[in-house]
Amino acid sequence: MREFADFIEECDRAPRLNELTEFFSTTASGEAGMPIRPPELDRRLFPVDMTFRRFSALHPLRQGPFDKHYLSSIPYRLEEECRLGSAILKYARARKGQLQLYTLGTAEGTMARVIGELGKGRIETLSCSPNVENLRSFYAYGVPPHAMFFHGPFHHLTSQRVQEDVELRKFGSGFDIILEDTTFQMYSPNRFDQIRFVSQHLKTNGLFMFVEKFRHEDDEEYRRRERQKDHSFKARFFSASDISAKEETVLTRMDRNEVTLSEMSETLRRFFGHSFVTWNSGNFYTLVSSNSQQNLDLFLSKLSPPAIPAEYVYADLPYRLYPESDARRLSGRSWTL
């Protein structure tokens with residue numbers, strides 16, 4: 001792992017493991033950052049999709065303290081997690097054999113636990129977090145079926161660690177799907193090395209998904225979307241003082257590590273032949289990348305329409321993030337159930 005030595009050292013110095021340690025610890029334990037009321041799904045937005053409904057019924061029953069904070073902080077992020085989770089389940093049913101899923105830095109790993117439980121052996125999942133509080137929440141409902149937890153930051157999960165650990169070794173052949181959920185932005189803007197490091201664990205034809213908050217080329221537009229998020233959504237769950245305090249302690253540090261969507265696009269095209277934007281909520285986006293047009297097509301066909309009011313959406317979805325080179329062009333794509 002000498003080629004990643006500088007990168008690992010860079011991550012060890014990152015805000016996520018230093019200045020922000022107390023925030024993540026107290027929020028993951030439920031000592032701070034808890035919403036006035038738990039986030040609730042807006043069922044008016046639900047698609048006519050039984051898998052989505054089953055996933056969304058189980059997810060709230062498996063949430064831990066950090067999820068309650070996180071899902072109350074981003075407009076309709078809970079609906080998007082259920083949408084992604086149900087699409088992954090349908091994708092697994094359409095594929096032969098067992099799939100491996102790695103959810104990277106997703107707090108207590110609720111999404112992965114629900115996928116493992118509902119997948120009934122079709123998907124084996126791995127989650128990771130450096131917080132022991134998230135580890136405790138992961139096992140709060142007993143040992144989850146078909147789901148594992150690595151207690152440590154994502155950059156400590158090296159390929160060597162996977163091969164040497166008896167329990168992790170079953171993931172040694174790589175993952176069919178990797179999901180990075182607002183993790184990279186807590187470390188640095190170095191998306192190239194972050195993606196390069198994590199992609200070691202991705203199978204050749206695998207899918208890499210990203211849920212990230214992006215800077216905007218127009219700073220005022222970025223701030224306008226932030227005000228919309230805070231006043232139209234977060235105010236339902238947090239007091240004005242709580243929102244202001246988080247902005248001072250967390251968001252100002254996170255802002256420095258965000259990249260623009262165009263910068264992310266330029267990085268992704270160095271790794272993947274195909275990338276799509278599949279969801280948008282203000283400054284937050286979901287991206288799906290792969291070097292397999294066939295697998296990407298299959299996954300996109302399993303996605304239900306975005307479950308979010310139109311006023312939070314600033315893009316005509318889905319759309320290709322950058323032009324494909326030698327791959328077959330897609331045209332007239334529409335959401336299917």
# chains A, B, ... in the order shown; residues from 1 in each chain; ligands from 1
$ residues_around --residues "region 277-284 of chain A" --least-positions-apart "4" --cutoff "10 Å" --atoms "only C-alpha atoms" --output "number ranges by chain"
A: 74-77, 80, 84, 182, 209-216, 221-229, 260-261, 288-289, 300, 303, 305-322, 335
$ select_by_dssp --residues "region 59-260 of chain A" --states "alpha helix (DSSP H)" --output "NGL selection string"
:A and (59-62 or 65-71 or 77-94 or 110-119 or 132-138 or 159-164 or 191-198 or 219-228 or 240-246 or 252-255)
$ write_last_selection --atoms "C-alpha atoms" --output "PDB file, in the first residue's frame"
ATOM      1  CA  HIS A  59     -36.028   1.527   7.193  1.00  0.00           C
ATOM      2  CA  PRO A  60     -37.520   3.730   9.979  1.00  0.00           C
ATOM      3  CA  LEU A  61     -37.592   0.689  12.292  1.00  0.00           C
ATOM      4  CA  ARG A  62     -33.837   0.166  11.870  1.00  0.00           C
ATOM      5  CA  PRO A  65     -29.431   8.334  16.188  1.00  0.00           C
ATOM      6  CA  PHE A  66     -27.153   9.582  13.412  1.00  0.00           C
ATOM      7  CA  ASP A  67     -29.617   8.622  10.700  1.00  0.00           C
ATOM      8  CA  LYS A  68     -32.340  10.610  12.432  1.00  0.00           C
ATOM      9  CA  HIS A  69     -30.081  13.675  12.363  1.00  0.00           C
ATOM     10  CA  TYR A  70     -28.817  13.154   8.816  1.00  0.00           C
ATOM     11  CA  LEU A  71     -32.150  12.358   7.209  1.00  0.00           C
ATOM     12  CA  ARG A  77     -32.904  12.294   1.570  1.00  0.00           C
ATOM     13  CA  LEU A  78     -34.879   9.550   3.338  1.00  0.00           C
ATOM     14  CA  GLU A  79     -37.055   9.035   0.264  1.00  0.00           C
ATOM     15  CA  GLU A  80     -33.910   8.895  -1.882  1.00  0.00           C
ATOM     16  CA  GLU A  81     -32.293   6.313   0.383  1.00  0.00           C
ATOM     17  CA  CYS A  82     -35.389   4.126   0.075  1.00  0.00           C
ATOM     18  CA  ARG A  83     -35.391   4.659  -3.689  1.00  0.00           C
ATOM     19  CA  LEU A  84     -31.732   3.663  -4.022  1.00  0.00           C
ATOM     20  CA  GLY A  85     -32.098   0.735  -1.646  1.00  0.00           C
ATOM     21  CA  SER A  86     -35.118  -0.707  -3.421  1.00  0.00           C
ATOM     22  CA  ALA A  87     -33.400  -0.269  -6.817  1.00  0.00           C
ATOM     23  CA  ILE A  88     -30.361  -2.183  -5.523  1.00  0.00           C
ATOM     24  CA  LEU A  89     -32.648  -5.011  -4.389  1.00  0.00           C
ATOM     25  CA  LYS A  90     -34.350  -5.170  -7.799  1.00  0.00           C
ATOM     26  CA  TYR A  91     -30.984  -4.994  -9.547  1.00  0.00           C
ATOM     27  CA  ALA A  92     -29.752  -7.947  -7.480  1.00  0.00           C
ATOM     28  CA  ARG A  93     -32.810 -10.001  -8.409  1.00  0.00           C
ATOM     29  CA  ALA A  94     -32.105  -9.342 -12.089  1.00  0.00           C
ATOM     30  CA  THR A 110     -29.035   1.372   8.175  1.00  0.00           C
ATOM     31  CA  MET A 111     -29.444   1.180   4.416  1.00  0.00           C
ATOM     32  CA  ALA A 112     -27.068  -1.777   4.127  1.00  0.00           C
ATOM     33  CA  ARG A 113     -28.732  -3.598   7.022  1.00  0.00           C
ATOM     34  CA  VAL A 114     -32.178  -3.197   5.470  1.00  0.00           C
ATOM     35  CA  ILE A 115     -30.870  -4.379   2.080  1.00  0.00           C
ATOM     36  CA  GLY A 116     -29.275  -7.431   3.720  1.00  0.00           C
ATOM     37  CA  GLU A 117     -32.459  -8.226   5.606  1.00  0.00           C
ATOM     38  CA  LEU A 118     -34.808  -7.847   2.639  1.00  0.00           C
ATOM     39  CA  GLY A 119     -32.376  -9.411   0.176  1.00  0.00           C
ATOM     40  CA  VAL A 132     -17.859   3.172  18.024  1.00  0.00           C
ATOM     41  CA  GLU A 133     -21.306   4.693  18.599  1.00  0.00           C
ATOM     42  CA  ASN A 134     -22.254   3.728  15.039  1.00  0.00           C
ATOM     43  CA  LEU A 135     -20.902   0.227  15.619  1.00  0.00           C
ATOM     44  CA  ARG A 136     -23.191  -0.101  18.650  1.00  0.00           C
ATOM     45  CA  SER A 137     -26.176   1.129  16.648  1.00  0.00           C
ATOM     46  CA  PHE A 138     -25.370  -1.384  13.906  1.00  0.00           C
ATOM     47  CA  SER A 159      -7.057  -4.376   0.061  1.00  0.00           C
ATOM     48  CA  GLN A 160      -4.452  -6.000   2.303  1.00  0.00           C
ATOM     49  CA  ARG A 161      -6.748  -5.632   5.330  1.00  0.00           C
ATOM     50  CA  VAL A 162      -9.591  -7.313   3.444  1.00  0.00           C
ATOM     51  CA  GLN A 163      -7.415 -10.255   2.438  1.00  0.00           C
ATOM     52  CA  GLU A 164      -5.899 -10.759   5.908  1.00  0.00           C
ATOM     53  CA  ARG A 191     -11.618  13.262  -5.240  1.00  0.00           C
ATOM     54  CA  PHE A 192      -9.063  11.689  -7.574  1.00  0.00           C
ATOM     55  CA  ASP A 193      -7.181   9.804  -4.861  1.00  0.00           C
ATOM     56  CA  GLN A 194     -10.354   9.119  -2.877  1.00  0.00           C
ATOM     57  CA  ILE A 195     -11.977   7.423  -5.864  1.00  0.00           C
ATOM     58  CA  ARG A 196      -8.720   5.740  -6.881  1.00  0.00           C
ATOM     59  CA  PHE A 197      -8.305   4.259  -3.411  1.00  0.00           C
ATOM     60  CA  VAL A 198     -11.878   3.003  -3.025  1.00  0.00           C
ATOM     61  CA  ASP A 219     -21.720  31.268  -4.940  1.00  0.00           C
ATOM     62  CA  GLU A 220     -24.984  33.166  -4.547  1.00  0.00           C
ATOM     63  CA  GLU A 221     -26.910  30.325  -6.184  1.00  0.00           C
ATOM     64  CA  TYR A 222     -25.238  27.901  -3.781  1.00  0.00           C
ATOM     65  CA  ARG A 223     -26.273  30.062  -0.821  1.00  0.00           C
ATOM     66  CA  ARG A 224     -29.810  30.430  -2.157  1.00  0.00           C
ATOM     67  CA  ARG A 225     -30.219  26.668  -2.282  1.00  0.00           C
ATOM     68  CA  GLU A 226     -28.793  26.432   1.238  1.00  0.00           C
ATOM     69  CA  ARG A 227     -31.353  28.926   2.509  1.00  0.00           C
ATOM     70  CA  GLN A 228     -34.096  26.937   0.823  1.00  0.00           C
ATOM     71  CA  ALA A 240     -32.946  28.160  14.267  1.00  0.00           C
ATOM     72  CA  SER A 241     -30.164  28.081  16.861  1.00  0.00           C
ATOM     73  CA  ASP A 242     -29.417  24.409  16.109  1.00  0.00           C
ATOM     74  CA  ILE A 243     -29.191  25.125  12.381  1.00  0.00           C
ATOM     75  CA  SER A 244     -26.893  28.087  12.974  1.00  0.00           C
ATOM     76  CA  ALA A 245     -24.668  26.131  15.371  1.00  0.00           C
ATOM     77  CA  LYS A 246     -24.194  23.290  12.895  1.00  0.00           C
ATOM     78  CA  THR A 252     -17.946  25.774   7.157  1.00  0.00           C
ATOM     79  CA  ARG A 253     -15.286  23.050   7.370  1.00  0.00           C
ATOM     80  CA  MET A 254     -17.164  20.783   4.985  1.00  0.00           C
ATOM     81  CA  ASP A 255     -17.544  23.597   2.436  1.00  0.00           C
TER      82      ASP A 255
END
$ select_by_dssp --residues "region 136-308 of chain A" --states "strand (DSSP E or B)" --output "ChimeraX atom specification"
/A:140,142,147-151,175-181,202-213,215,260,274-281,284-290
$ atom_distance --atom1 "CA of Glu22 (chain A)" --atom2 "CA of Gly152 (chain A)"
15.9 Å
$ closest_residue --among "A:Leu207, A:Leu104, A:Ala57, A:Leu41" --to "Gln294 (chain A)" --atoms "only C-alpha atoms"
A:Leu207
$ closest_residue --among "A:Glu3, A:Glu124, A:Asp42, A:Asp12" --to "Leu101 (chain A)" --atoms "only C-alpha atoms"
A:Glu124
$ atom_distance --atom1 "CA of Arg169 (chain A)" --atom2 "CA of Thr183 (chain A)"
23.8 Å
$ closest_residue --among "A:Thr125, A:Ser304, A:Ser232, A:Asn257" --to "Ser188 (chain A)" --atoms "only C-alpha atoms"
A:Asn257
$ decode --residues "region 13-24 of chain A" --atoms "N, CA and C atoms" --output "short mmCIF file (atom, residue, chain, number, x, y, z; two decimals), in the first residue's frame"
data_model
loop_
_atom_site.label_atom_id
_atom_site.label_comp_id
_atom_site.auth_asym_id
_atom_site.auth_seq_id
_atom_site.Cartn_x
_atom_site.Cartn_y
_atom_site.Cartn_z
N ARG A 13 -5.27 13.15 8.80
CA ARG A 13 -5.22 14.54 9.29
C ARG A 13 -6.52 15.29 9.02
N ALA A 14 -7.48 14.63 8.38
CA ALA A 14 -8.69 15.30 7.88
C ALA A 14 -9.62 15.75 9.01
N PRO A 15 -10.48 16.74 8.72
CA PRO A 15 -11.44 17.22 9.73
C PRO A 15 -12.31 16.11 10.31
N ARG A 16 -12.71 15.15 9.49
CA ARG A 16 -13.61 14.08 9.96
C ARG A 16 -13.05 13.37 11.17
N LEU A 17 -11.74 13.20 11.25
CA LEU A 17 -11.13 12.45 12.34
C LEU A 17 -10.47 13.34 13.38
N ASN A 18 -10.60 14.65 13.23
CA ASN A 18 -9.95 15.58 14.14
C ASN A 18 -10.92 16.64 14.65
N GLU A 19 -11.04 17.78 13.96
CA GLU A 19 -11.90 18.86 14.45
C GLU A 19 -13.36 18.46 14.62
N LEU A 20 -13.82 17.52 13.80
CA LEU A 20 -15.24 17.15 13.82
C LEU A 20 -15.54 15.90 14.63
N THR A 21 -14.54 15.40 15.34
CA THR A 21 -14.71 14.16 16.10
C THR A 21 -15.85 14.26 17.11
N GLU A 22 -15.88 15.34 17.87
CA GLU A 22 -16.90 15.48 18.90
C GLU A 22 -18.31 15.55 18.29
N PHE A 23 -18.45 16.29 17.19
CA PHE A 23 -19.76 16.38 16.55
C PHE A 23 -20.26 15.01 16.15
N PHE A 24 -19.43 14.22 15.47
CA PHE A 24 -19.86 12.92 14.99
C PHE A 24 -20.11 11.95 16.15
#
